[in-house]
$ cat upload.txt   # compact mmCIF, C-alpha atoms and all ligand atoms
# COMPACT_ATOMS: atom_id res chain seq x y z
CA MET A 1 -14.87 2.35 -2.52
CA SER A 2 -12.51 1.17 -5.23
CA ASP A 3 -12.71 -2.50 -6.18
CA GLN A 4 -9.17 -3.07 -4.96
CA ALA A 5 -9.68 -1.97 -1.36
CA ALA A 6 -9.16 -4.80 1.13
CA LEU A 7 -9.79 -2.45 4.03
CA ARG A 8 -11.10 1.06 4.36
CA VAL A 9 -11.47 3.44 7.26
CA GLU A 10 -13.90 6.28 6.85
CA GLY A 11 -14.09 9.32 9.11
CA LEU A 12 -12.67 7.30 11.97
CA SER A 13 -12.32 9.08 15.32
CA ARG A 14 -11.49 8.09 18.87
CA HIS A 15 -11.49 10.65 21.64
CA PHE A 16 -10.24 10.18 25.18
CA GLY A 17 -12.09 12.92 27.04
CA SER A 18 -11.08 16.10 25.26
CA LEU A 19 -8.07 14.46 23.62
CA LYS A 20 -8.63 13.61 19.95
CA ALA A 21 -6.27 10.62 19.66
CA VAL A 22 -7.64 9.82 16.19
CA GLU A 23 -9.71 12.44 14.41
CA ASP A 24 -11.66 11.95 11.19
CA VAL A 25 -9.18 9.61 9.53
CA SER A 26 -10.02 8.16 6.11
CA PHE A 27 -7.87 6.04 3.81
CA GLU A 28 -7.99 2.74 2.04
CA VAL A 29 -5.69 -0.25 1.92
CA ARG A 30 -5.52 -1.87 -1.49
CA GLN A 31 -5.92 -5.58 -1.99
CA GLY A 32 -2.50 -7.26 -1.72
CA SER A 33 -0.68 -4.12 -0.66
CA ARG A 34 2.00 -3.75 2.04
CA HIS A 35 0.66 -0.63 3.66
CA ALA A 36 2.46 1.11 6.53
CA VAL A 37 1.18 3.68 9.00
CA ILE A 38 3.86 6.01 10.35
CA GLY A 39 3.97 9.22 12.35
CA PRO A 40 5.74 10.81 15.30
CA ASN A 41 5.06 9.68 18.87
CA GLY A 42 1.52 10.46 19.93
CA ALA A 43 0.30 10.67 16.33
CA GLY A 44 -2.44 8.13 17.03
CA LYS A 45 -0.95 5.08 15.30
CA SER A 46 -1.57 2.60 18.12
CA THR A 47 -5.08 3.94 18.65
CA LEU A 48 -5.81 3.64 14.92
CA PHE A 49 -4.45 0.10 14.92
CA ALA A 50 -6.70 -0.85 17.85
CA LEU A 51 -9.71 0.69 16.10
CA VAL A 52 -9.01 -1.29 12.93
CA ALA A 53 -8.41 -4.54 14.83
CA GLY A 54 -11.55 -4.02 16.91
CA ALA A 55 -9.76 -3.86 20.26
CA LEU A 56 -11.07 -0.33 20.80
CA ARG A 57 -14.47 1.19 19.99
CA ALA A 58 -14.60 4.18 17.67
CA THR A 59 -16.12 7.42 18.88
CA SER A 60 -17.37 7.81 15.31
CA GLY A 61 -16.61 6.61 11.80
CA ARG A 62 -16.55 3.26 10.10
CA VAL A 63 -14.22 0.36 9.29
CA TRP A 64 -14.88 -1.65 6.14
CA LEU A 65 -13.44 -5.05 5.34
CA ARG A 66 -13.87 -5.38 1.60
CA GLY A 67 -17.55 -4.52 1.14
CA ASP A 68 -18.57 -5.24 4.73
CA ASP A 69 -19.01 -2.74 7.52
CA VAL A 70 -17.27 -4.40 10.50
CA THR A 71 -17.38 -1.35 12.80
CA SER A 72 -19.73 -2.96 15.29
CA LEU A 73 -17.93 -6.31 15.33
CA SER A 74 -15.63 -7.45 18.13
CA GLU A 75 -11.96 -8.17 17.55
CA HIS A 76 -12.76 -11.88 17.58
CA ALA A 77 -15.56 -11.56 15.03
CA ARG A 78 -13.31 -9.48 12.76
CA ALA A 79 -10.60 -12.15 13.04
CA ARG A 80 -13.10 -14.80 11.96
CA ARG A 81 -13.74 -12.70 8.85
CA GLY A 82 -10.04 -12.60 8.03
CA LEU A 83 -8.85 -9.40 9.71
CA VAL A 84 -6.12 -10.83 11.92
CA ARG A 85 -3.53 -9.11 14.09
CA THR A 86 -0.31 -10.26 15.67
CA PHE A 87 0.22 -9.21 19.23
CA GLN A 88 2.93 -6.93 20.39
CA HIS A 89 3.05 -8.89 23.61
CA SER A 90 3.66 -12.52 23.00
CA SER A 91 0.58 -14.69 22.77
CA LEU A 92 2.58 -17.87 22.25
CA PHE A 93 2.55 -21.00 24.37
CA LEU A 94 6.17 -20.93 25.45
CA THR A 95 6.31 -24.56 26.61
CA ALA A 96 4.82 -25.86 23.34
CA THR A 97 6.96 -26.28 20.23
CA ALA A 98 6.91 -23.82 17.36
CA ARG A 99 5.11 -26.45 15.27
CA GLU A 100 2.47 -27.04 17.98
CA ASN A 101 1.83 -23.32 18.29
CA VAL A 102 1.13 -23.12 14.56
CA MET A 103 -0.89 -26.36 14.60
CA LEU A 104 -3.24 -24.88 17.20
CA ALA A 105 -3.92 -21.94 14.89
CA VAL A 106 -4.48 -24.25 11.89
CA GLN A 107 -6.85 -26.31 14.01
CA ARG A 108 -8.82 -23.21 14.98
CA ARG A 109 -9.22 -22.37 11.31
CA HIS A 110 -10.48 -25.84 10.45
CA GLY A 111 -12.79 -25.89 13.44
CA VAL A 112 -12.78 -28.90 15.72
CA GLN A 113 -15.97 -30.41 14.31
CA ALA A 114 -15.37 -29.58 10.69
CA GLN A 115 -13.30 -32.62 9.85
CA PRO A 116 -14.38 -35.82 11.57
CA TRP A 117 -11.36 -37.78 10.43
CA ARG A 118 -9.35 -40.31 12.28
CA ALA A 119 -7.10 -38.62 14.79
CA VAL A 120 -3.93 -39.90 13.13
CA ALA A 121 -4.93 -38.58 9.69
CA ARG A 122 -6.00 -35.28 11.17
CA ARG A 123 -2.71 -34.85 12.97
CA ARG A 124 -0.79 -35.59 9.79
CA VAL A 125 -2.69 -32.84 7.94
CA LEU A 126 -2.16 -30.37 10.77
CA VAL A 127 1.57 -31.11 10.88
CA ALA A 128 1.89 -30.69 7.12
CA GLU A 129 0.02 -27.38 7.11
CA ALA A 130 1.94 -26.07 10.11
CA ASP A 131 5.26 -27.04 8.54
CA ALA A 132 4.32 -25.29 5.31
CA VAL A 133 3.65 -22.07 7.22
CA LEU A 134 6.86 -22.41 9.23
CA GLU A 135 8.78 -22.85 6.01
CA GLN A 136 7.24 -19.69 4.60
CA LEU A 137 8.51 -17.84 7.68
CA PHE A 138 11.99 -19.41 7.44
CA LEU A 139 11.39 -21.14 10.78
CA HIS A 140 11.17 -24.73 9.64
CA HIS A 141 14.49 -25.64 11.22
CA ARG A 142 13.09 -24.55 14.61
CA ALA A 143 9.80 -26.47 14.33
CA GLY A 144 10.62 -28.90 17.14
CA GLN A 145 11.98 -26.29 19.57
CA THR A 146 9.76 -24.84 22.28
CA ALA A 147 8.67 -21.27 21.63
CA GLY A 148 10.43 -20.37 24.88
CA ALA A 149 13.76 -21.53 23.43
CA LEU A 150 13.52 -19.24 20.39
CA SER A 151 15.35 -15.92 20.12
CA HIS A 152 13.36 -12.69 20.33
CA GLY A 153 13.39 -12.27 16.55
CA GLU A 154 12.35 -15.87 15.97
CA ARG A 155 9.44 -15.46 18.36
CA ARG A 156 8.20 -12.49 16.36
CA GLN A 157 8.45 -14.66 13.25
CA LEU A 158 6.47 -17.36 15.02
CA GLU A 159 3.78 -14.86 15.99
CA VAL A 160 3.40 -14.01 12.31
CA ALA A 161 3.31 -17.74 11.48
CA VAL A 162 0.51 -18.26 14.01
CA ALA A 163 -1.46 -15.37 12.51
CA LEU A 164 -0.78 -16.56 8.95
CA ALA A 165 -1.96 -20.08 9.82
CA THR A 166 -5.48 -18.73 10.30
CA SER A 167 -5.53 -17.72 6.58
CA PRO A 168 -6.07 -14.00 7.04
CA SER A 169 -7.19 -11.77 4.18
CA VAL A 170 -5.69 -8.78 6.00
CA LEU A 171 -2.76 -9.21 8.37
CA LEU A 172 -2.25 -6.43 10.93
CA LEU A 173 1.28 -6.04 12.28
CA ASP A 174 1.71 -3.92 15.38
CA GLU A 175 5.22 -2.47 15.49
CA PRO A 176 6.89 -5.73 14.50
CA ALA A 177 10.41 -4.27 14.79
CA ALA A 178 9.91 -3.04 18.36
CA GLY A 179 12.73 -4.43 20.48
CA MET A 180 14.34 -6.19 17.53
CA SER A 181 18.03 -6.03 16.76
CA HIS A 182 19.09 -4.53 13.44
CA ALA A 183 19.81 -8.01 12.07
CA ASP A 184 16.41 -9.31 13.22
CA THR A 185 14.70 -6.33 11.62
CA GLN A 186 16.46 -7.03 8.33
CA ALA A 187 15.42 -10.68 8.52
CA PHE A 188 11.88 -9.58 9.30
CA GLN A 189 11.89 -7.37 6.22
CA GLU A 190 12.55 -10.44 4.08
CA ILE A 191 9.68 -12.22 5.79
CA VAL A 192 7.20 -9.43 5.09
CA LEU A 193 8.39 -9.26 1.48
CA GLY A 194 7.94 -13.03 1.21
CA LEU A 195 4.37 -13.16 2.54
CA PRO A 196 1.80 -14.55 0.11
CA SER A 197 0.78 -11.83 -2.34
CA ASP A 198 -2.93 -12.39 -1.73
CA VAL A 199 -2.51 -11.43 1.94
CA THR A 200 -2.92 -7.71 2.47
CA VAL A 201 -0.57 -6.35 5.13
CA LEU A 202 -1.17 -3.27 7.26
CA LEU A 203 1.67 -2.46 9.61
CA VAL A 204 2.15 0.25 12.17
CA GLU A 205 5.85 0.82 12.58
CA HIS A 206 8.41 3.18 14.09
CA ASP A 207 11.38 1.84 12.18
CA LEU A 208 11.42 3.83 8.95
CA ASP A 209 14.07 1.58 7.38
CA LEU A 210 11.66 -1.34 7.69
CA VAL A 211 8.75 0.78 6.42
CA PHE A 212 10.59 2.02 3.36
CA GLY A 213 12.03 -1.47 2.81
CA VAL A 214 8.63 -3.16 2.56
CA ALA A 215 5.78 -0.71 2.02
CA ASP A 216 4.18 0.09 -1.33
CA GLN A 217 1.79 2.55 0.35
CA VAL A 218 2.41 4.73 3.39
CA THR A 219 -0.08 6.62 5.52
CA VAL A 220 1.32 9.42 7.65
CA MET A 221 -0.46 10.45 10.84
CA GLN A 222 0.18 13.58 12.87
CA LEU A 223 -1.57 14.62 16.10
CA GLY A 224 -4.45 12.24 15.44
CA GLN A 225 -5.00 13.39 11.89
CA HIS A 226 -4.38 11.82 8.53
CA LEU A 227 -1.65 13.80 6.82
CA LEU A 228 -1.01 11.86 3.64
CA THR A 229 -1.39 8.46 2.00
CA GLY A 230 0.77 7.67 -0.99
CA PRO A 231 3.64 5.63 -2.40
CA PRO A 232 6.90 5.75 -0.40
CA GLU A 233 8.64 8.11 -2.87
CA GLU A 234 5.86 10.66 -2.54
CA VAL A 235 5.85 10.41 1.26
CA ARG A 236 9.62 10.82 1.50
CA ALA A 237 9.52 13.88 -0.74
CA SER A 238 6.64 15.55 1.07
CA ASP A 239 7.43 18.83 2.84
CA ALA A 240 4.51 18.28 5.22
CA VAL A 241 5.94 14.91 6.28
CA GLN A 242 9.42 16.34 6.78
CA LYS A 243 7.91 19.07 8.96
CA ALA A 244 5.82 16.59 10.97
CA TYR A 245 8.93 14.58 11.79
CA LEU A 246 11.03 17.59 12.61
CA GLY A 247 8.21 18.97 14.73
CA ALA A 248 8.35 22.19 12.78
P1 LIG B 301 1.25 6.65 18.75
O1 LIG B 301 1.05 5.17 18.74
O2 LIG B 301 1.29 7.24 17.37
O3 LIG B 301 2.44 7.07 19.54
P2 LIG B 301 -1.14 6.68 20.38
O4 LIG B 301 -2.27 6.18 19.55
O5 LIG B 301 -0.54 5.73 21.35
O6 LIG B 301 -0.03 7.33 19.44
O7 LIG B 301 -1.62 7.93 21.22
C1 LIG B 301 -2.25 9.06 20.62
C2 LIG B 301 -2.66 10.03 21.72
O8 LIG B 301 -3.73 9.44 22.47
C3 LIG B 301 -1.56 10.32 22.71
O9 LIG B 301 -1.67 11.67 23.11
C4 LIG B 301 -1.87 9.39 23.87
O10 LIG B 301 -1.40 9.92 25.08
C5 LIG B 301 -3.38 9.33 23.84
N1 LIG B 301 -3.94 8.06 24.33
C6 LIG B 301 -3.74 6.84 23.79
N2 LIG B 301 -4.41 5.90 24.46
C7 LIG B 301 -5.07 6.54 25.48
C8 LIG B 301 -5.93 6.13 26.55
N3 LIG B 301 -6.27 4.84 26.69
N4 LIG B 301 -6.40 7.07 27.39
C9 LIG B 301 -6.06 8.36 27.23
N5 LIG B 301 -5.26 8.83 26.25
C10 LIG B 301 -4.76 7.95 25.39
MG MG B 302 2.21 3.60 19.44

$ encode --input "upload.txt" --output "C-alpha cells"
Amino acid sequence: MSDQAALRVEGLSRHFGSLKAVEDVSFEVRQGSRHAVIGPNGAGKSTLFALVAGALRATSGRVWLRGDDVTSLSEHARARRGLVRTFQHSSLFLTATARENVMLAVQRRHGVQAQPWRAVARRRVLVAEADAVLEQLFLHHRAGQTAGALSHGERRQLEVAVALATSPSVLLLDEPAAGMSHADTQAFQEIVLGLPSDVTVLLVEHDLDLVFGVADQVTVMQLGQHLLTGPPEEVRASDAVQKAYLGA
C-alpha cells in the first residue's frame, strides 16, 4: 500500500445469493483526498459504502484503514478508529438545537470520564468546540435553532457537522445530494470543498455535477465491478465510462 492511502479496499466482494452486488473491488483512497464513487443504478455503490463503513459483512476481501485491517470490526469500532459515516436517514435529535446535536458528538469524542472538570467549565469547552464546527459548516447562525426547524439542506449540513465533531480521519458521505435542491447541492459543494484538508472524504453520489465539482479522484463501478479509478478528467474522457452510463 502506498504511504498516502488513508483507506484501501482489496478484493472486496459481497454476494446476495447468486447476485454479485460487489465483486473483487480494489482501490485506494489517498490521504486528504476527496474521492467519489459513481456508477449507474445497481452498480454496487451503496453495497460498497456499507462494506467500507462496516454496516455489511464482506463475502470476501479486506478493508484497510491506514495500515490496519478493519475488515472484522463493527461499524461502531471502525467509527472509534476514525472511519465515520453520515447517515442518509437523519440521525439527528430534532427537538435539540443544532449546537446541542454537535455538542453530543463532541462529548462522545472526549468520553464522559476523560475530563473530570467542573460541569460549567466542561460545558463552556463543549459549546466552543461545537460552535467552531458549526462555523466550519456555515451553520453558526442556526446554532440555537432546533434541528427540526432547519431546512432539508441545513439538516444535511448538520449531519456532516455531527460527524465532523467526532474528529474523523476518513469521512464517508452517503449520497449527500439525495433529495437536495439545486441551490442546496451547490451550497453543499462549498462545504465539502471547505472541509479540513487532513480529513479524507469518500463520497458515494449520483449527482455528477457535485462529484465533478469536488472530487480529485473518482472510482467508477459497473455491475458490481470496479471499472476505473482516476482523476476526474481521465474519468470523463474514458470511453468505458461513457459506455457504462449509456448502457451500451
Ligand atoms: P447502487 O447503489 O449502485 O445503485 P446497490 O449496491 O444498491 O447499487 O445494489 C447493487 C445490486 O445488489 C443491485 O442489483 C441490488 O438489487 C442488489 N442488492 C443490494 N442490496 C441487496 C440486498 N440486501 N439483498 C439482495 N440484493 C441486494
Ligand atoms: Mg445506491

$ closest_atom_pairs --input "upload.txt" --of "chain A" --to "ligand MG 302 (chain B)" --cutoff "7 Å" --atoms "all atoms listed in the file" --output "tab-separated table"
residue	atom	partner	partner_atom	distance
A:Asn41	CA	B:MG302	MG	6.7
A:Gly42	CA	B:MG302	MG	6.9
A:Gly44	CA	B:MG302	MG	6.9
A:Lys45	CA	B:MG302	MG	5.4
A:Ser46	CA	B:MG302	MG	4.1

$ residues_around --input "upload.txt" --residues "A:Arg142" --least-positions-apart "4" --cutoff "9 Å" --atoms "all atoms listed in the file" --output "compact mmCIF listing (two decimals) with C-alpha atoms, in the coordinates of the input"
# COMPACT_ATOMS: atom_id res chain seq x y z
CA THR A 97 6.96 -26.28 20.23
CA ALA A 98 6.91 -23.82 17.36
CA ARG A 99 5.11 -26.45 15.27
CA LEU A 134 6.86 -22.41 9.23
CA PHE A 138 11.99 -19.41 7.44
CA THR A 146 9.76 -24.84 22.28
CA ALA A 147 8.67 -21.27 21.63
CA LEU A 150 13.52 -19.24 20.39
CA GLU A 154 12.35 -15.87 15.97

$ residues_near_ligand --input "upload.txt" --ligand "ligand LIG 301 (chain B)" --cutoff "9 Å" --atoms "all atoms listed in the file" --output "count of residues only"
28

$ atom_distance --input "upload.txt" --atom1 "atom CA of A:Ala119" --atom2 "atom CA of A:Leu164"
23.7 Å

$ atom_distance --input "upload.txt" --atom1 "atom CA of A:Val192" --atom2 "atom CA of A:Ser167"
15.3 Å

$ closest_residue --input "upload.txt" --among "A:Trp64, A:Arg8, A:Glu129, A:Ala36" --to "A:Asp209" --atoms "all atoms listed in the file"
A:Ala36

$ closest_residue --input "upload.txt" --among "A:Ala240, A:Ala128, A:Leu65, A:Val29" --to "A:Arg81" --atoms "only C-alpha atoms"
A:Leu65

$ residues_near_point --input "upload.txt" --point "(-3.2, -6.4, 0.9)" --cutoff "7 Å" --atoms "all atoms listed in the file" --output "number ranges by chain"
A: 6, 29-34, 170, 198-201

$ write_last_selection --input "upload.txt" --atoms "C-alpha atoms" --output "short mmCIF file (atom, residue, chain, number, x, y, z; two decimals), in the coordinates of the input"
data_model
loop_
_atom_site.label_atom_id
_atom_site.label_comp_id
_atom_site.auth_asym_id
_atom_site.auth_seq_id
_atom_site.Cartn_x
_atom_site.Cartn_y
_atom_site.Cartn_z
CA ALA A 6 -9.16 -4.80 1.13
CA VAL A 29 -5.69 -0.25 1.92
CA ARG A 30 -5.52 -1.87 -1.49
CA GLN A 31 -5.92 -5.58 -1.99
CA GLY A 32 -2.50 -7.26 -1.72
CA SER A 33 -0.68 -4.12 -0.66
CA ARG A 34 2.00 -3.75 2.04
CA VAL A 170 -5.69 -8.78 6.00
CA ASP A 198 -2.93 -12.39 -1.73
CA VAL A 199 -2.51 -11.43 1.94
CA THR A 200 -2.92 -7.71 2.47
CA VAL A 201 -0.57 -6.35 5.13
#

$ closest_residue --input "upload.txt" --among "A:Ala163, A:Leu195, A:Ala244, A:Leu227" --to "A:Arg80" --atoms "only C-alpha atoms"
A:Ala163

$ atom_distance --input "upload.txt" --atom1 "atom CA of A:Gln136" --atom2 "atom CA of A:Val162"
11.7 Å

$ residues_near_point --input "upload.txt" --point "(9.8, -19.8, 25.9)" --cutoff "12 Å" --atoms "all atoms listed in the file" --output "list in words"
Ser90, Ser91, Leu92, Phe93, Leu94, Thr95, Ala96, Thr97, Ala98, Asn101, Gln145, Thr146, Ala147, Gly148, Ala149, Leu150, Ser151, His152, Glu154, Arg155 and Leu158 of chain A

$ residues_around --input "upload.txt" --residues "A:Val211" --least-positions-apart "6" --cutoff "12 Å" --atoms "all atoms listed in the file" --output "number ranges by chain"
A: 34-39, 173, 175-177, 185-186, 188-189, 192-193, 201-205, 217-220, 231-233, 235-236

$ write_last_selection --input "upload.txt" --atoms "C-alpha atoms" --output "PDB file, in the frame of the given file"
ATOM      1  CA  ARG A  34       2.000  -3.750   2.040  1.00  0.00           C
ATOM      2  CA  HIS A  35       0.660  -0.630   3.660  1.00  0.00           C
ATOM      3  CA  ALA A  36       2.460   1.110   6.530  1.00  0.00           C
ATOM      4  CA  VAL A  37       1.180   3.680   9.000  1.00  0.00           C
ATOM      5  CA  ILE A  38       3.860   6.010  10.350  1.00  0.00           C
ATOM      6  CA  GLY A  39       3.970   9.220  12.350  1.00  0.00           C
ATOM      7  CA  LEU A 173       1.280  -6.040  12.280  1.00  0.00           C
ATOM      8  CA  GLU A 175       5.220  -2.470  15.490  1.00  0.00           C
ATOM      9  CA  PRO A 176       6.890  -5.730  14.500  1.00  0.00           C
ATOM     10  CA  ALA A 177      10.410  -4.270  14.790  1.00  0.00           C
ATOM     11  CA  THR A 185      14.700  -6.330  11.620  1.00  0.00           C
ATOM     12  CA  GLN A 186      16.460  -7.030   8.330  1.00  0.00           C
ATOM     13  CA  PHE A 188      11.880  -9.580   9.300  1.00  0.00           C
ATOM     14  CA  GLN A 189      11.890  -7.370   6.220  1.00  0.00           C
ATOM     15  CA  VAL A 192       7.200  -9.430   5.090  1.00  0.00           C
ATOM     16  CA  LEU A 193       8.390  -9.260   1.480  1.00  0.00           C
ATOM     17  CA  VAL A 201      -0.570  -6.350   5.130  1.00  0.00           C
ATOM     18  CA  LEU A 202      -1.170  -3.270   7.260  1.00  0.00           C
ATOM     19  CA  LEU A 203       1.670  -2.460   9.610  1.00  0.00           C
ATOM     20  CA  VAL A 204       2.150   0.250  12.170  1.00  0.00           C
ATOM     21  CA  GLU A 205       5.850   0.820  12.580  1.00  0.00           C
ATOM     22  CA  GLN A 217       1.790   2.550   0.350  1.00  0.00           C
ATOM     23  CA  VAL A 218       2.410   4.730   3.390  1.00  0.00           C
ATOM     24  CA  THR A 219      -0.080   6.620   5.520  1.00  0.00           C
ATOM     25  CA  VAL A 220       1.320   9.420   7.650  1.00  0.00           C
ATOM     26  CA  PRO A 231       3.640   5.630  -2.400  1.00  0.00           C
ATOM     27  CA  PRO A 232       6.900   5.750  -0.400  1.00  0.00           C
ATOM     28  CA  GLU A 233       8.640   8.110  -2.870  1.00  0.00           C
ATOM     29  CA  VAL A 235       5.850  10.410   1.260  1.00  0.00           C
ATOM     30  CA  ARG A 236       9.620  10.820   1.500  1.00  0.00           C
TER      31      ARG A 236
END

$ axis_aligned_box --input "upload.txt" --around "stretch 73-79 of chain A" --padding-each-side "6 Å" --output "JSON"
{"center_x": -14.3, "center_y": -9.2, "center_z": 15.4, "size_x": 19.3, "size_y": 17.8, "size_z": 17.4}
